[in-house]
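Okay, structure first, notes after.
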Amino acid sequence: MQTVTVRLKISHERFQAYYQGAVEYVVAPSIDGRTIQFPARVLRPFVSHQGIQGTFEITFDANLKFHSIRLAQDDR
């Protein structure tokens, strides 16, 4: 498994396109400079009135398929 850390700040209004299914994937830079793509649906549990904000650890399997997401220790 490979873990990538990203910092996200997505407004509630902007995330609505993801939430409604109009956009399937989020593309974001990782803190180590790589660009990653992951399913937008995995962020739904983290949506607040302000949108999505925080540092997330995203785990991918050996085939680079999404496995899990969690808030980083610093954001808990």
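Within each chain, counting starts at residue 1; across the structure tokens, chains are named A, B, ... in the order shown, with ligands numbered 1 upward in that order.
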
Please run DSSP on the backbone and report, as a PDB file with N, CA and C atoms, in the first residue's frame, all residues within chain A that come out as helix (DSSP H, G or I).
ATOM      1  N   HIS A  12     -17.857  24.784   0.163  1.00  0.00           N
ATOM      2  CA  HIS A  12     -19.087  23.997   0.146  1.00  0.00           C
ATOM      3  C   HIS A  12     -19.753  24.093  -1.224  1.00  0.00           C
ATOM      4  N   GLU A  13     -19.778  25.288  -1.789  1.00  0.00           N
ATOM      5  CA  GLU A  13     -20.414  25.488  -3.096  1.00  0.00           C
ATOM      6  C   GLU A  13     -19.684  24.709  -4.184  1.00  0.00           C
ATOM      7  N   ARG A  14     -18.362  24.768  -4.152  1.00  0.00           N
ATOM      8  CA  ARG A  14     -17.587  24.057  -5.168  1.00  0.00           C
ATOM      9  C   ARG A  14     -17.741  22.543  -5.024  1.00  0.00           C
ATOM     10  N   PHE A  15     -17.827  22.067  -3.793  1.00  0.00           N
ATOM     11  CA  PHE A  15     -17.943  20.619  -3.601  1.00  0.00           C
ATOM     12  C   PHE A  15     -19.303  20.089  -4.045  1.00  0.00           C
ATOM     13  N   GLN A  16     -20.300  20.930  -4.155  1.00  0.00           N
ATOM     14  CA  GLN A  16     -21.612  20.468  -4.597  1.00  0.00           C
ATOM     15  C   GLN A  16     -21.540  19.762  -5.946  1.00  0.00           C
ATOM     16  N   ALA A  17     -20.699  20.236  -6.849  1.00  0.00           N
ATOM     17  CA  ALA A  17     -20.540  19.568  -8.150  1.00  0.00           C
ATOM     18  C   ALA A  17     -20.026  18.148  -7.968  1.00  0.00           C
ATOM     19  N   TYR A  18     -19.112  17.959  -7.024  1.00  0.00           N
ATOM     20  CA  TYR A  18     -18.619  16.618  -6.724  1.00  0.00           C
ATOM     21  C   TYR A  18     -19.719  15.789  -6.082  1.00  0.00           C
ATOM     22  N   TYR A  19     -20.379  16.391  -5.098  1.00  0.00           N
ATOM     23  CA  TYR A  19     -21.400  15.687  -4.322  1.00  0.00           C
ATOM     24  C   TYR A  19     -22.572  15.246  -5.191  1.00  0.00           C
ATOM     25  N   ALA A  40     -14.188  11.473  -5.863  1.00  0.00           N
ATOM     26  CA  ALA A  40     -14.756  12.561  -5.057  1.00  0.00           C
ATOM     27  C   ALA A  40     -15.675  12.022  -3.967  1.00  0.00           C
ATOM     28  N   ARG A  41     -16.350  10.926  -4.229  1.00  0.00           N
ATOM     29  CA  ARG A  41     -17.321  10.376  -3.281  1.00  0.00           C
ATOM     30  C   ARG A  41     -16.705  10.051  -1.921  1.00  0.00           C
ATOM     31  N   VAL A  42     -15.392   9.783  -1.882  1.00  0.00           N
ATOM     32  CA  VAL A  42     -14.760   9.404  -0.615  1.00  0.00           C
ATOM     33  C   VAL A  42     -14.655  10.583   0.344  1.00  0.00           C
ATOM     34  N   LEU A  43     -14.864  11.801  -0.155  1.00  0.00           N
ATOM     35  CA  LEU A  43     -14.791  12.983   0.705  1.00  0.00           C
ATOM     36  C   LEU A  43     -16.120  13.323   1.371  1.00  0.00           C
ATOM     37  N   ARG A  44     -17.188  12.691   0.975  1.00  0.00           N
ATOM     38  CA  ARG A  44     -18.513  13.021   1.520  1.00  0.00           C
ATOM     39  C   ARG A  44     -18.580  13.028   3.042  1.00  0.00           C
ATOM     40  N   PRO A  45     -17.960  12.077   3.729  1.00  0.00           N
ATOM     41  CA  PRO A  45     -18.035  12.103   5.202  1.00  0.00           C
ATOM     42  C   PRO A  45     -17.336  13.305   5.837  1.00  0.00           C
ATOM     43  N   PHE A  46     -16.517  14.008   5.079  1.00  0.00           N
ATOM     44  CA  PHE A  46     -15.731  15.112   5.621  1.00  0.00           C
ATOM     45  C   PHE A  46     -16.304  16.483   5.281  1.00  0.00           C
ATOM     46  N   GLN A  73      -3.132  13.033  11.357  1.00  0.00           N
ATOM     47  CA  GLN A  73      -3.057  13.209  12.806  1.00  0.00           C
ATOM     48  C   GLN A  73      -3.160  14.678  13.210  1.00  0.00           C
ATOM     49  N   ASP A  74      -2.538  15.562  12.461  1.00  0.00           N
ATOM     50  CA  ASP A  74      -2.524  16.986  12.812  1.00  0.00           C
ATOM     51  C   ASP A  74      -3.909  17.632  12.762  1.00  0.00           C
ATOM     52  N   ASP A  75      -4.825  17.056  11.998  1.00  0.00           N
ATOM     53  CA  ASP A  75      -6.152  17.657  11.810  1.00  0.00           C
ATOM     54  C   ASP A  75      -7.248  17.019  12.662  1.00  0.00           C
TER      55      ASP A  75
END

DSSP-assigned strand (DSSP E) members of segment 14-70 of chain A, reported as a list in words:
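Checking each residue of segment 14-70 of chain A, the strand (DSSP E) ones are Tyr25, Val26, Val27, Ala28, Pro29, Thr35, Ile36, Gln37, Phe38, Pro39, Ile52, Gln53, Gly54, Thr55, Phe56, Glu57, Ile58, Thr59, Phe60, Phe66, His67, Ser68, Ile69 and Arg70 of chain A.
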
So which one's closest to Ile58 of chain A, A:Val4, A:Ala22, A:Leu71, A:Val27? Using only C-alpha atoms, please.
A:Val4

Write out as a PyMOL selection string which residues come within 12 Å of segment 32-39 of chain A when counting only C-alpha atoms, dropping same-chain ones fewer than 2 positions away.
chain A and resi 3-7+18-19+21+23-30+41-44+56-60+64-69

Go ahead and save the picked residues with N, CA, C and O atoms, as a short mmCIF file (atom, residue, chain, number, x, y, z; two decimals), in the first residue's frame.
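Wrote it out as selection.cif, contents follow:
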data_model
loop_
_atom_site.label_atom_id
_atom_site.label_comp_id
_atom_site.auth_asym_id
_atom_site.auth_seq_id
_atom_site.Cartn_x
_atom_site.Cartn_y
_atom_site.Cartn_z
N THR A 3 0.76 5.47 0.68
CA THR A 3 -0.01 6.56 1.27
C THR A 3 0.51 7.89 0.76
O THR A 3 1.72 8.11 0.69
N VAL A 4 -0.43 8.75 0.38
CA VAL A 4 -0.12 10.08 -0.13
C VAL A 4 -0.87 11.07 0.75
O VAL A 4 -2.03 10.85 1.10
N THR A 5 -0.23 12.18 1.10
CA THR A 5 -0.85 13.20 1.93
C THR A 5 -1.18 14.42 1.09
O THR A 5 -0.32 14.90 0.34
N VAL A 6 -2.42 14.90 1.20
CA VAL A 6 -2.86 16.09 0.47
C VAL A 6 -3.51 17.06 1.45
O VAL A 6 -4.14 16.65 2.42
N ARG A 7 -3.35 18.34 1.16
CA ARG A 7 -4.06 19.38 1.91
C ARG A 7 -5.17 19.89 1.00
O ARG A 7 -4.91 20.30 -0.13
N TYR A 18 -19.11 17.96 -7.02
CA TYR A 18 -18.62 16.62 -6.72
C TYR A 18 -19.72 15.79 -6.08
O TYR A 18 -19.98 14.65 -6.45
N TYR A 19 -20.38 16.39 -5.10
CA TYR A 19 -21.40 15.69 -4.32
C TYR A 19 -22.57 15.25 -5.19
O TYR A 19 -23.12 14.17 -5.01
N GLY A 21 -22.43 14.46 -8.24
CA GLY A 21 -22.01 13.49 -9.24
C GLY A 21 -21.62 14.10 -10.57
O GLY A 21 -21.29 13.38 -11.51
N VAL A 23 -19.03 15.80 -11.10
CA VAL A 23 -17.58 15.59 -11.17
C VAL A 23 -17.28 14.32 -10.39
O VAL A 23 -17.68 14.19 -9.23
N GLU A 24 -16.58 13.38 -11.02
CA GLU A 24 -16.32 12.10 -10.37
C GLU A 24 -15.03 12.05 -9.57
O GLU A 24 -14.92 11.30 -8.61
N TYR A 25 -14.03 12.82 -9.99
CA TYR A 25 -12.71 12.71 -9.37
C TYR A 25 -12.19 14.07 -8.92
O TYR A 25 -12.47 15.09 -9.52
N VAL A 26 -11.42 14.02 -7.86
CA VAL A 26 -10.69 15.18 -7.37
C VAL A 26 -9.24 15.00 -7.83
O VAL A 26 -8.68 13.91 -7.69
N VAL A 27 -8.66 16.05 -8.36
CA VAL A 27 -7.25 16.05 -8.72
C VAL A 27 -6.58 17.09 -7.81
O VAL A 27 -7.03 18.23 -7.75
N ALA A 28 -5.55 16.65 -7.09
CA ALA A 28 -4.93 17.55 -6.12
C ALA A 28 -3.43 17.27 -6.02
O ALA A 28 -2.99 16.13 -6.23
N PRO A 29 -2.66 18.29 -5.68
CA PRO A 29 -1.22 18.06 -5.46
C PRO A 29 -1.00 17.47 -4.07
O PRO A 29 -1.67 17.85 -3.11
N SER A 30 -0.08 16.53 -3.99
CA SER A 30 0.28 15.98 -2.68
C SER A 30 1.33 16.89 -2.06
O SER A 30 1.91 17.74 -2.73
N ARG A 41 -16.35 10.93 -4.23
CA ARG A 41 -17.32 10.38 -3.28
C ARG A 41 -16.70 10.05 -1.92
O ARG A 41 -17.39 10.08 -0.90
N VAL A 42 -15.39 9.78 -1.88
CA VAL A 42 -14.76 9.40 -0.62
C VAL A 42 -14.65 10.58 0.34
O VAL A 42 -14.42 10.39 1.54
N LEU A 43 -14.86 11.80 -0.15
CA LEU A 43 -14.79 12.98 0.70
C LEU A 43 -16.12 13.32 1.37
O LEU A 43 -16.16 14.18 2.25
N ARG A 44 -17.19 12.69 0.98
CA ARG A 44 -18.51 13.02 1.52
C ARG A 44 -18.58 13.03 3.04
O ARG A 44 -19.18 13.92 3.63
N PHE A 56 -5.29 15.24 4.53
CA PHE A 56 -5.81 13.88 4.42
C PHE A 56 -4.72 12.92 3.98
O PHE A 56 -3.88 13.27 3.15
N GLU A 57 -4.76 11.73 4.53
CA GLU A 57 -3.87 10.65 4.12
C GLU A 57 -4.71 9.68 3.28
O GLU A 57 -5.69 9.14 3.76
N ILE A 58 -4.29 9.52 2.03
CA ILE A 58 -5.02 8.67 1.09
C ILE A 58 -4.15 7.47 0.77
O ILE A 58 -2.98 7.63 0.40
N THR A 59 -4.72 6.28 0.91
CA THR A 59 -3.98 5.05 0.66
C THR A 59 -4.46 4.42 -0.63
O THR A 59 -5.68 4.33 -0.88
N PHE A 60 -3.49 4.00 -1.45
CA PHE A 60 -3.76 3.32 -2.72
C PHE A 60 -3.15 1.93 -2.66
O PHE A 60 -2.14 1.71 -2.00
N LEU A 64 -2.57 1.16 -7.79
CA LEU A 64 -2.90 2.58 -7.69
C LEU A 64 -4.41 2.84 -7.66
O LEU A 64 -4.88 3.90 -8.04
N LYS A 65 -5.15 1.89 -7.14
CA LYS A 65 -6.59 2.05 -6.93
C LYS A 65 -6.81 2.55 -5.50
O LYS A 65 -6.14 2.11 -4.57
N PHE A 66 -7.77 3.45 -5.35
CA PHE A 66 -8.09 3.99 -4.04
C PHE A 66 -8.39 2.88 -3.06
O PHE A 66 -9.13 1.94 -3.36
N HIS A 67 -7.85 3.01 -1.85
CA HIS A 67 -8.13 2.04 -0.79
C HIS A 67 -8.83 2.69 0.40
O HIS A 67 -9.87 2.21 0.85
N SER A 68 -8.28 3.81 0.92
CA SER A 68 -8.89 4.45 2.09
C SER A 68 -8.43 5.90 2.20
O SER A 68 -7.45 6.30 1.59
N ILE A 69 -9.18 6.65 3.02
CA ILE A 69 -8.84 8.04 3.30
C ILE A 69 -9.11 8.30 4.77
O ILE A 69 -10.06 7.76 5.35
#

Length of the atom CA of Ile10 of chain A to atom CA of Ile31 of chain A vector [Å]
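Atom CA of Ile31 of chain A lies at a distance of 16.3 Å from atom CA of Ile10 of chain A.
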
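Of note, atom CA of Thr55 of chain A and atom CA of Gln2 of chain A are spaced 16.4 Å apart.
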